[in-house]
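Peer 1: Structure supplied as entry-v3.txt; contents: compact mmCIF, N, CA and C atoms.
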# COMPACT_ATOMS: atom_id res chain seq x y z
N MET A 1 58.75 89.43 49.11
CA MET A 1 57.94 89.12 50.28
C MET A 1 58.08 87.63 50.60
N HIS A 2 58.20 87.32 51.85
CA HIS A 2 58.31 85.93 52.30
C HIS A 2 56.95 85.26 52.35
N THR A 3 56.96 83.96 52.19
CA THR A 3 55.77 83.16 52.41
C THR A 3 55.51 83.12 53.91
N VAL A 4 54.25 83.18 54.29
CA VAL A 4 53.88 83.13 55.71
C VAL A 4 53.75 81.68 56.13
N SER A 5 54.38 81.34 57.24
CA SER A 5 54.33 79.97 57.76
C SER A 5 53.23 79.86 58.81
N PRO A 6 52.31 78.90 58.65
CA PRO A 6 51.26 78.69 59.64
C PRO A 6 51.64 77.65 60.70
N GLU A 7 52.90 77.18 60.70
CA GLU A 7 53.30 76.11 61.62
C GLU A 7 54.58 76.47 62.35
N ILE A 8 54.74 75.83 63.51
CA ILE A 8 55.94 76.00 64.31
C ILE A 8 56.26 74.65 64.95
N LEU A 9 57.53 74.39 65.21
CA LEU A 9 57.95 73.14 65.83
C LEU A 9 58.41 73.43 67.25
N ILE A 10 57.88 72.66 68.19
CA ILE A 10 58.35 72.78 69.56
C ILE A 10 58.98 71.46 69.99
N ASN A 11 60.15 71.58 70.58
CA ASN A 11 60.87 70.43 71.10
C ASN A 11 60.63 70.41 72.60
N SER A 12 60.36 69.22 73.12
CA SER A 12 60.05 69.11 74.54
C SER A 12 60.53 67.76 75.07
N PHE A 13 60.43 67.61 76.36
CA PHE A 13 60.69 66.32 76.96
C PHE A 13 59.56 65.99 77.91
N GLN A 14 59.31 64.72 78.06
CA GLN A 14 58.24 64.26 78.94
C GLN A 14 58.67 64.48 80.38
N VAL A 15 57.77 64.99 81.17
CA VAL A 15 58.02 65.18 82.60
C VAL A 15 57.56 63.93 83.31
N THR A 16 58.48 63.33 84.06
CA THR A 16 58.14 62.15 84.84
C THR A 16 58.31 62.49 86.33
N ARG A 17 57.99 61.56 87.16
CA ARG A 17 58.03 61.82 88.60
C ARG A 17 59.45 62.13 89.11
N TYR A 18 60.45 61.46 88.57
CA TYR A 18 61.79 61.60 89.13
C TYR A 18 62.81 62.27 88.23
N HIS A 19 62.57 62.30 86.94
CA HIS A 19 63.55 62.90 86.03
C HIS A 19 62.87 63.24 84.72
N HIS A 20 63.64 63.82 83.81
CA HIS A 20 63.10 64.11 82.49
C HIS A 20 63.02 62.81 81.69
N GLY A 21 61.94 62.68 80.96
CA GLY A 21 61.74 61.48 80.15
C GLY A 21 62.19 61.68 78.72
N ASP A 22 61.54 60.99 77.82
CA ASP A 22 61.90 61.02 76.41
C ASP A 22 61.64 62.37 75.78
N ALA A 23 62.38 62.65 74.70
CA ALA A 23 62.22 63.89 73.95
C ALA A 23 61.16 63.70 72.87
N TYR A 24 60.37 64.74 72.64
CA TYR A 24 59.32 64.74 71.62
C TYR A 24 59.38 66.04 70.86
N GLU A 25 58.95 65.98 69.61
CA GLU A 25 58.80 67.19 68.81
C GLU A 25 57.38 67.25 68.29
N PHE A 26 56.79 68.43 68.40
CA PHE A 26 55.42 68.66 67.97
C PHE A 26 55.41 69.76 66.92
N VAL A 27 54.69 69.54 65.83
CA VAL A 27 54.44 70.60 64.86
C VAL A 27 53.03 71.10 65.15
N LEU A 28 52.93 72.40 65.41
CA LEU A 28 51.65 73.02 65.74
C LEU A 28 51.19 73.92 64.61
N ASN A 29 49.88 73.97 64.38
CA ASN A 29 49.34 74.88 63.39
C ASN A 29 49.00 76.22 64.05
N GLU A 30 48.37 77.12 63.28
CA GLU A 30 48.08 78.45 63.79
C GLU A 30 47.05 78.46 64.92
N HIS A 31 46.35 77.35 65.13
CA HIS A 31 45.41 77.22 66.24
C HIS A 31 46.03 76.50 67.43
N LEU A 32 47.33 76.26 67.33
CA LEU A 32 48.11 75.55 68.35
C LEU A 32 47.61 74.13 68.57
N GLN A 33 47.19 73.52 67.48
CA GLN A 33 46.81 72.11 67.48
C GLN A 33 47.97 71.30 66.91
N VAL A 34 48.10 70.08 67.40
CA VAL A 34 49.17 69.20 66.94
C VAL A 34 48.85 68.69 65.53
N VAL A 35 49.75 68.99 64.61
CA VAL A 35 49.63 68.53 63.22
C VAL A 35 50.42 67.24 63.06
N GLU A 36 51.62 67.22 63.64
CA GLU A 36 52.49 66.04 63.62
C GLU A 36 53.22 65.95 64.94
N CYS A 37 53.62 64.73 65.28
CA CYS A 37 54.38 64.52 66.51
C CYS A 37 55.33 63.35 66.29
N VAL A 38 56.54 63.48 66.82
CA VAL A 38 57.50 62.38 66.79
C VAL A 38 58.18 62.26 68.14
N LYS A 39 58.54 61.04 68.48
CA LYS A 39 59.37 60.78 69.65
C LYS A 39 60.79 60.71 69.13
N VAL A 40 61.70 61.45 69.73
CA VAL A 40 63.09 61.49 69.30
C VAL A 40 63.83 60.33 69.94
N GLU A 41 64.12 59.31 69.15
CA GLU A 41 64.84 58.14 69.65
C GLU A 41 66.34 58.43 69.76
N SER A 42 66.90 59.04 68.72
CA SER A 42 68.32 59.41 68.71
C SER A 42 68.48 60.64 67.84
N LEU A 43 68.80 61.76 68.49
CA LEU A 43 69.01 62.99 67.75
C LEU A 43 70.26 62.90 66.89
N ALA A 44 71.32 62.30 67.43
CA ALA A 44 72.58 62.17 66.70
C ALA A 44 72.43 61.35 65.43
N LYS A 45 71.60 60.30 65.48
CA LYS A 45 71.41 59.44 64.32
C LYS A 45 70.17 59.82 63.51
N GLY A 46 69.43 60.81 63.98
CA GLY A 46 68.23 61.25 63.28
C GLY A 46 67.10 60.24 63.29
N ILE A 47 67.03 59.46 64.36
CA ILE A 47 65.99 58.44 64.45
C ILE A 47 64.79 59.01 65.20
N MET A 48 63.67 59.06 64.50
CA MET A 48 62.43 59.59 65.05
C MET A 48 61.33 58.54 64.89
N GLN A 49 60.47 58.42 65.88
CA GLN A 49 59.35 57.49 65.80
C GLN A 49 58.07 58.33 65.72
N PRO A 50 57.34 58.25 64.60
CA PRO A 50 56.10 59.02 64.47
C PRO A 50 55.08 58.58 65.53
N ILE A 51 54.38 59.56 66.08
CA ILE A 51 53.32 59.29 67.03
C ILE A 51 52.00 59.66 66.34
N ARG A 52 51.27 58.66 65.96
CA ARG A 52 49.97 58.87 65.31
C ARG A 52 48.93 59.19 66.38
N GLU A 53 47.99 60.03 66.03
CA GLU A 53 46.92 60.41 66.96
C GLU A 53 47.49 60.79 68.33
N ALA A 54 48.32 61.82 68.33
CA ALA A 54 49.00 62.24 69.55
C ALA A 54 48.03 62.53 70.69
N HIS A 55 46.86 63.07 70.36
CA HIS A 55 45.89 63.39 71.41
C HIS A 55 45.37 62.14 72.12
N ILE A 56 45.49 60.99 71.48
CA ILE A 56 45.08 59.72 72.10
C ILE A 56 46.28 59.02 72.72
N ASN A 57 47.35 58.89 71.94
CA ASN A 57 48.52 58.13 72.39
C ASN A 57 49.36 58.83 73.46
N LEU A 58 49.20 60.13 73.60
CA LEU A 58 49.95 60.86 74.63
C LEU A 58 49.04 61.35 75.75
N ASP A 59 47.85 60.80 75.81
CA ASP A 59 46.88 61.19 76.83
C ASP A 59 47.46 60.94 78.23
N GLY A 60 47.35 61.94 79.08
CA GLY A 60 47.83 61.81 80.45
C GLY A 60 49.29 62.14 80.65
N LEU A 61 50.02 62.48 79.57
CA LEU A 61 51.44 62.79 79.70
C LEU A 61 51.64 64.30 79.77
N LEU A 62 52.62 64.70 80.55
CA LEU A 62 52.98 66.10 80.72
C LEU A 62 54.34 66.33 80.07
N PHE A 63 54.48 67.47 79.40
CA PHE A 63 55.72 67.80 78.70
C PHE A 63 56.23 69.16 79.15
N GLU A 64 57.54 69.35 79.02
CA GLU A 64 58.14 70.65 79.31
C GLU A 64 58.82 71.16 78.04
N LEU A 65 58.54 72.40 77.72
CA LEU A 65 59.10 73.03 76.53
C LEU A 65 60.61 73.13 76.67
N ASN A 66 61.30 72.68 75.64
CA ASN A 66 62.75 72.77 75.61
C ASN A 66 63.16 73.94 74.72
N HIS A 67 62.77 73.88 73.44
CA HIS A 67 63.04 74.99 72.53
C HIS A 67 62.05 74.98 71.37
N VAL A 68 62.08 76.06 70.62
CA VAL A 68 61.19 76.25 69.49
C VAL A 68 62.04 76.44 68.24
N ARG A 69 61.57 75.87 67.13
CA ARG A 69 62.28 76.06 65.86
C ARG A 69 61.32 76.55 64.80
N VAL A 70 61.83 77.38 63.92
CA VAL A 70 61.06 77.89 62.79
C VAL A 70 61.88 77.76 61.53
N ASN A 71 61.22 77.89 60.40
CA ASN A 71 61.90 77.92 59.11
C ASN A 71 62.31 79.36 58.86
N PRO A 72 63.62 79.68 58.84
CA PRO A 72 64.04 81.07 58.70
C PRO A 72 63.79 81.66 57.30
N ARG A 73 63.43 80.82 56.34
CA ARG A 73 63.19 81.30 54.97
C ARG A 73 61.77 81.80 54.75
N VAL A 74 60.92 81.66 55.76
CA VAL A 74 59.54 82.11 55.65
C VAL A 74 59.23 83.09 56.78
N ASP A 75 58.14 83.80 56.66
CA ASP A 75 57.71 84.75 57.68
C ASP A 75 56.94 83.99 58.76
N ASN A 76 57.50 83.93 59.94
CA ASN A 76 56.92 83.20 61.07
C ASN A 76 56.19 84.11 62.05
N THR A 77 55.99 85.35 61.68
CA THR A 77 55.41 86.34 62.58
C THR A 77 54.07 85.90 63.14
N LEU A 78 53.17 85.41 62.31
CA LEU A 78 51.83 85.01 62.74
C LEU A 78 51.89 83.92 63.81
N ILE A 79 52.58 82.84 63.53
CA ILE A 79 52.62 81.71 64.45
C ILE A 79 53.39 82.07 65.72
N ILE A 80 54.44 82.86 65.62
CA ILE A 80 55.18 83.29 66.80
C ILE A 80 54.30 84.17 67.67
N ASN A 81 53.53 85.06 67.06
CA ASN A 81 52.61 85.90 67.83
C ASN A 81 51.55 85.07 68.54
N ARG A 82 51.04 84.03 67.89
CA ARG A 82 50.04 83.16 68.52
C ARG A 82 50.64 82.44 69.73
N LEU A 83 51.85 81.92 69.56
CA LEU A 83 52.49 81.20 70.65
C LEU A 83 52.84 82.15 71.80
N THR A 84 53.35 83.32 71.47
CA THR A 84 53.68 84.32 72.48
C THR A 84 52.43 84.74 73.25
N SER A 85 51.33 84.93 72.55
CA SER A 85 50.07 85.29 73.18
C SER A 85 49.60 84.19 74.13
N ALA A 86 49.75 82.94 73.72
CA ALA A 86 49.38 81.82 74.58
C ALA A 86 50.23 81.80 75.85
N PHE A 87 51.51 82.11 75.72
CA PHE A 87 52.39 82.17 76.89
C PHE A 87 51.98 83.32 77.81
N ASN A 88 51.67 84.47 77.22
CA ASN A 88 51.23 85.61 78.02
C ASN A 88 49.95 85.29 78.78
N ASP A 89 49.07 84.49 78.18
CA ASP A 89 47.81 84.11 78.83
C ASP A 89 48.02 83.31 80.11
N ILE A 90 49.14 82.62 80.23
CA ILE A 90 49.42 81.84 81.45
C ILE A 90 50.41 82.57 82.36
N GLY A 91 50.70 83.83 82.04
CA GLY A 91 51.57 84.63 82.90
C GLY A 91 53.04 84.52 82.60
N VAL A 92 53.40 83.97 81.46
CA VAL A 92 54.81 83.86 81.07
C VAL A 92 55.12 84.99 80.09
N ASN A 93 56.14 85.77 80.40
CA ASN A 93 56.54 86.89 79.54
C ASN A 93 57.60 86.46 78.54
N VAL A 94 57.58 87.09 77.39
CA VAL A 94 58.58 86.86 76.35
C VAL A 94 59.26 88.19 76.07
N PHE A 95 60.59 88.22 76.19
CA PHE A 95 61.37 89.44 76.02
C PHE A 95 62.30 89.31 74.83
N ASN A 96 62.77 90.45 74.35
CA ASN A 96 63.78 90.52 73.28
C ASN A 96 63.43 89.68 72.06
N GLN A 97 62.21 89.84 71.56
CA GLN A 97 61.78 89.09 70.39
C GLN A 97 62.47 89.62 69.13
N PRO A 98 63.03 88.71 68.31
CA PRO A 98 63.64 89.14 67.05
C PRO A 98 62.56 89.39 65.99
N ARG A 99 62.88 90.25 65.04
CA ARG A 99 62.00 90.43 63.89
C ARG A 99 62.21 89.26 62.96
N HIS A 100 61.25 89.00 62.06
CA HIS A 100 61.31 87.79 61.24
C HIS A 100 62.50 87.74 60.30
N HIS A 101 63.16 88.86 60.03
CA HIS A 101 64.32 88.84 59.15
C HIS A 101 65.65 88.90 59.89
N ASP A 102 65.62 88.94 61.23
CA ASP A 102 66.84 88.94 62.03
C ASP A 102 67.46 87.55 62.06
N MET A 103 68.77 87.50 62.14
CA MET A 103 69.48 86.23 62.25
C MET A 103 69.12 85.50 63.55
N ARG A 104 68.77 86.26 64.60
CA ARG A 104 68.43 85.65 65.89
C ARG A 104 67.22 84.73 65.79
N VAL A 105 66.38 84.91 64.76
CA VAL A 105 65.18 84.09 64.63
C VAL A 105 65.55 82.61 64.47
N CYS A 106 66.75 82.31 64.01
CA CYS A 106 67.21 80.93 63.85
C CYS A 106 67.52 80.28 65.21
N PHE A 107 67.97 81.07 66.16
CA PHE A 107 68.44 80.52 67.43
C PHE A 107 67.44 80.70 68.57
N LYS A 108 66.75 81.81 68.60
CA LYS A 108 65.74 82.08 69.63
C LYS A 108 64.57 82.77 68.94
N PRO A 109 63.76 82.01 68.20
CA PRO A 109 62.70 82.63 67.41
C PRO A 109 61.66 83.38 68.22
N LEU A 110 61.43 82.96 69.46
CA LEU A 110 60.47 83.66 70.31
C LEU A 110 61.11 84.78 71.08
N GLY A 111 62.38 84.69 71.33
CA GLY A 111 63.08 85.61 72.21
C GLY A 111 63.41 84.87 73.50
N GLU A 112 63.37 85.60 74.59
CA GLU A 112 63.69 85.00 75.89
C GLU A 112 62.40 84.80 76.69
N ILE A 113 62.21 83.59 77.20
CA ILE A 113 61.00 83.23 77.95
C ILE A 113 61.31 83.34 79.44
N SER A 114 60.41 84.01 80.18
CA SER A 114 60.67 84.30 81.60
C SER A 114 60.56 83.09 82.52
N ASP A 115 59.81 82.08 82.15
CA ASP A 115 59.56 80.96 83.05
C ASP A 115 59.55 79.64 82.29
N CYS A 116 59.57 78.57 83.06
CA CYS A 116 59.42 77.22 82.53
C CYS A 116 57.98 77.06 82.04
N ILE A 117 57.81 76.38 80.92
CA ILE A 117 56.47 76.15 80.38
C ILE A 117 56.25 74.65 80.21
N ARG A 118 55.15 74.19 80.76
CA ARG A 118 54.75 72.79 80.60
C ARG A 118 53.45 72.76 79.83
N PHE A 119 53.15 71.60 79.26
CA PHE A 119 51.92 71.48 78.49
C PHE A 119 51.50 70.04 78.37
N TYR A 120 50.25 69.86 77.95
CA TYR A 120 49.76 68.54 77.59
C TYR A 120 48.90 68.70 76.35
N VAL A 121 48.59 67.57 75.72
CA VAL A 121 47.78 67.57 74.50
C VAL A 121 46.35 67.23 74.90
N SER A 122 45.40 68.12 74.58
CA SER A 122 44.01 67.89 74.94
C SER A 122 43.38 66.84 74.01
N THR A 123 42.18 66.44 74.33
CA THR A 123 41.47 65.43 73.53
C THR A 123 41.15 65.94 72.13
N LYS A 124 41.21 67.23 71.91
CA LYS A 124 40.97 67.81 70.58
C LYS A 124 42.28 68.15 69.88
N ALA A 125 43.39 67.55 70.34
CA ALA A 125 44.73 67.72 69.79
C ALA A 125 45.25 69.14 69.97
N LYS A 126 44.66 69.88 70.88
CA LYS A 126 45.10 71.24 71.15
C LYS A 126 46.09 71.22 72.31
N ILE A 127 47.10 72.06 72.22
CA ILE A 127 48.09 72.16 73.28
C ILE A 127 47.53 73.05 74.39
N VAL A 128 47.62 72.57 75.63
CA VAL A 128 47.20 73.34 76.79
C VAL A 128 48.47 73.64 77.58
N PHE A 129 48.82 74.93 77.66
CA PHE A 129 50.05 75.35 78.32
C PHE A 129 49.80 75.61 79.80
N LEU A 130 50.84 75.30 80.60
CA LEU A 130 50.81 75.50 82.05
C LEU A 130 52.13 76.17 82.45
N SER A 131 52.08 76.97 83.48
CA SER A 131 53.31 77.55 84.01
C SER A 131 53.43 77.16 85.47
N PRO A 132 54.45 76.36 85.82
CA PRO A 132 54.62 75.94 87.21
C PRO A 132 54.76 77.12 88.17
N THR A 133 55.28 78.24 87.69
CA THR A 133 55.44 79.41 88.56
C THR A 133 54.11 80.09 88.84
N GLN A 134 53.09 79.75 88.09
CA GLN A 134 51.76 80.31 88.30
C GLN A 134 50.86 79.34 89.07
N ARG A 135 51.47 78.46 89.83
CA ARG A 135 50.75 77.47 90.65
C ARG A 135 49.86 76.58 89.78
N SER A 136 50.39 76.18 88.63
CA SER A 136 49.73 75.25 87.70
C SER A 136 48.32 75.69 87.34
N ARG A 137 48.16 76.96 87.09
CA ARG A 137 46.87 77.48 86.66
C ARG A 137 46.63 77.03 85.22
N LEU A 138 45.51 76.36 84.99
CA LEU A 138 45.19 75.89 83.65
C LEU A 138 44.65 77.04 82.82
N SER A 139 45.11 77.12 81.59
CA SER A 139 44.60 78.12 80.65
C SER A 139 44.35 77.44 79.33
N CYS A 140 43.17 77.59 78.80
CA CYS A 140 42.84 77.02 77.51
C CYS A 140 42.89 78.15 76.48
N ILE A 141 43.55 77.89 75.38
CA ILE A 141 43.69 78.89 74.33
C ILE A 141 42.42 78.87 73.48
N LYS A 142 41.76 80.01 73.37
CA LYS A 142 40.53 80.10 72.60
C LYS A 142 40.84 80.22 71.12
N SER A 143 40.05 79.56 70.28
CA SER A 143 40.25 79.62 68.84
C SER A 143 39.84 80.97 68.31
Now, as a test, write the supplied structure out as structure tokens.
Peer 2:
Amino acid sequence: MHTVSPEILINSFQVTRYHHGDAYEFVLNEHLQVVECVKVESLAKGIMQPIREAHINLDGLLFELNHVRVNPRVDNTLIINRLTSAFNDIGVNVFNQPRHHDMRVCFKPLGEISDCIRFYVSTKAKIVFLSPTQRSRLSCIKS
């Protein structure tokens, strides 16, 4: 039996007025709260800048989901289901989800996402997801 993972990593970029901004990575817990955050200075060189107190230091910034990563050696079913449910709550569908032991979980752990997903970090370090195709309807994920 695999160990169950309560965390997931999401890679994103900051949305700015004219173009995509800097890349960020967020580690989320099972409540979709930010546990850790880094600004990706150079992916090729592996240079990351830790962002302490992301809910304070990233206040007012909007991000767009780029991709999701999981540890393929553990069971990510719980955290993937939580994230998928959060996406469904804002009207974004997830198709062709792999099972936790499929090789596809390494490349597309959630499956295929129907729409662009944006988010911001709330004052309680919780991720609030938005879908531009849903006319920016705000949805708060209940604990």
Peer 1: Would you please work out which residue, of A:Asn29, A:Gln97, A:Ser12, A:Ser42, is nearest to A:Phe63 when using only N, CA and C atoms?
Peer 2: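 The shortest atom-to-atom distance to A:Phe63 comes from A:Ser12.
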Peer 1: So which residues touch A:Pro6 within 6 Å, counting all atoms listed in the file, skipping near sequence neighbours fewer than 6 positions away, as JSON, numbers by chain?
Peer 2: {"A": [28, 29, 30, 79]}
Peer 1: Pick the closest to A:Thr84 from A:Leu9, A:Leu58, A:Leu110, A:Met48: which is it, counting all atoms listed in the file?
Peer 2: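 Looking at the shortest contact to A:Thr84, the residue is A:Leu110.
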Peer 1: List the spatial neighbours of stretch 85-95 of chain A as a PyMOL selection string - criterion: any atom at most 5 Å away, only N, CA and C atoms, same-chain residues fewer than 5 positions off excluded.
Peer 2: chain A and resi 111-114
Peer 1: Between atom N of A:His67 and atom C of A:Ala44, what is the distance in Å, rounded to a tenth?
Peer 2: 17.7 Å
Peer 1: Name the residues of chain A that fall into helix (DSSP H, G or I) according to DSSP on the backbone, using the chain letters and numbers of this document, as a PyMOL selection string.
Peer 2: chain A and resi 54-57+77-89+103-106+132-134
Peer 1: Using backbone DSSP assignments, extract all strand (DSSP E or B) residues from stretch 8-129 of chain A; output them as JSON, numbers by chain.
Peer 2: {"A": [8, 9, 10, 11, 12, 13, 14, 15, 20, 21, 22, 23, 24, 25, 26, 27, 28, 33, 34, 35, 36, 37, 38, 39, 40, 41, 42, 47, 48, 49, 50, 62, 63, 64, 65, 66, 67, 68, 69, 75, 94, 95, 112, 113, 118, 119, 120, 121, 126, 127, 128, 129]}
Peer 1: Identify which of the residues A:Val74, A:Val40, A:Val121, A:Ile80 lies closest to A:Ile8, counting only N, CA and C atoms when measuring atom-to-atom distances.
Peer 2: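 Going through A:Val74, A:Val40, A:Val121, A:Ile80 one by one, the smallest distance to A:Ile8 is for A:Ile80.
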Peer 1: So how many Å separate atom N of A:His31 and atom C of A:Ile56, to one decimal?
Peer 2: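 Separating atom N of A:His31 from atom C of A:Ile56 is a distance of 19.8 Å.
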Peer 1: So that I can check the surroundings of A:Val35, please list as a count of residues only every protein, DNA and RNA residue that reaches within 8 Å of it, counting all atoms listed in the file and ignoring chain neighbours fewer than 2 positions away.
Peer 2: 9
Peer 1: Would you mind reading off the distance between atom C of A:Leu43 and atom C of A:Glu25, one decimal, in Å?
Peer 2: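 Going from atom C of A:Leu43 over to atom C of A:Glu25 covers 13.7 Å.
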Peer 1: Which of these, A:Arg52, A:His20, A:Asn76, A:Arg82, has the shortest distance to A:Thr3 once you count all atoms listed in the file?
Peer 2: A:Asn76
Peer 1: For A:Leu62, which of A:Ile47, A:Leu78, A:Ile127, A:Val15 is the closest residue, counting all atoms listed in the file?
Peer 2: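 For A:Leu62, the nearest of the given residues is A:Val15.
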Peer 1: Might I get the box with edges along x, y and z of the file that holds all atoms of stretch 89-97 of chain A listed there, padded by 8 Å on every side, given as centre and edge lengths in Å to one decimal, as lines of an AutoDock Vina configuration file?
Peer 2:
center_x = 55.8
center_y = 86.2
center_z = 76.0
size_x = 32.0
size_y = 24.7
size_z = 29.8
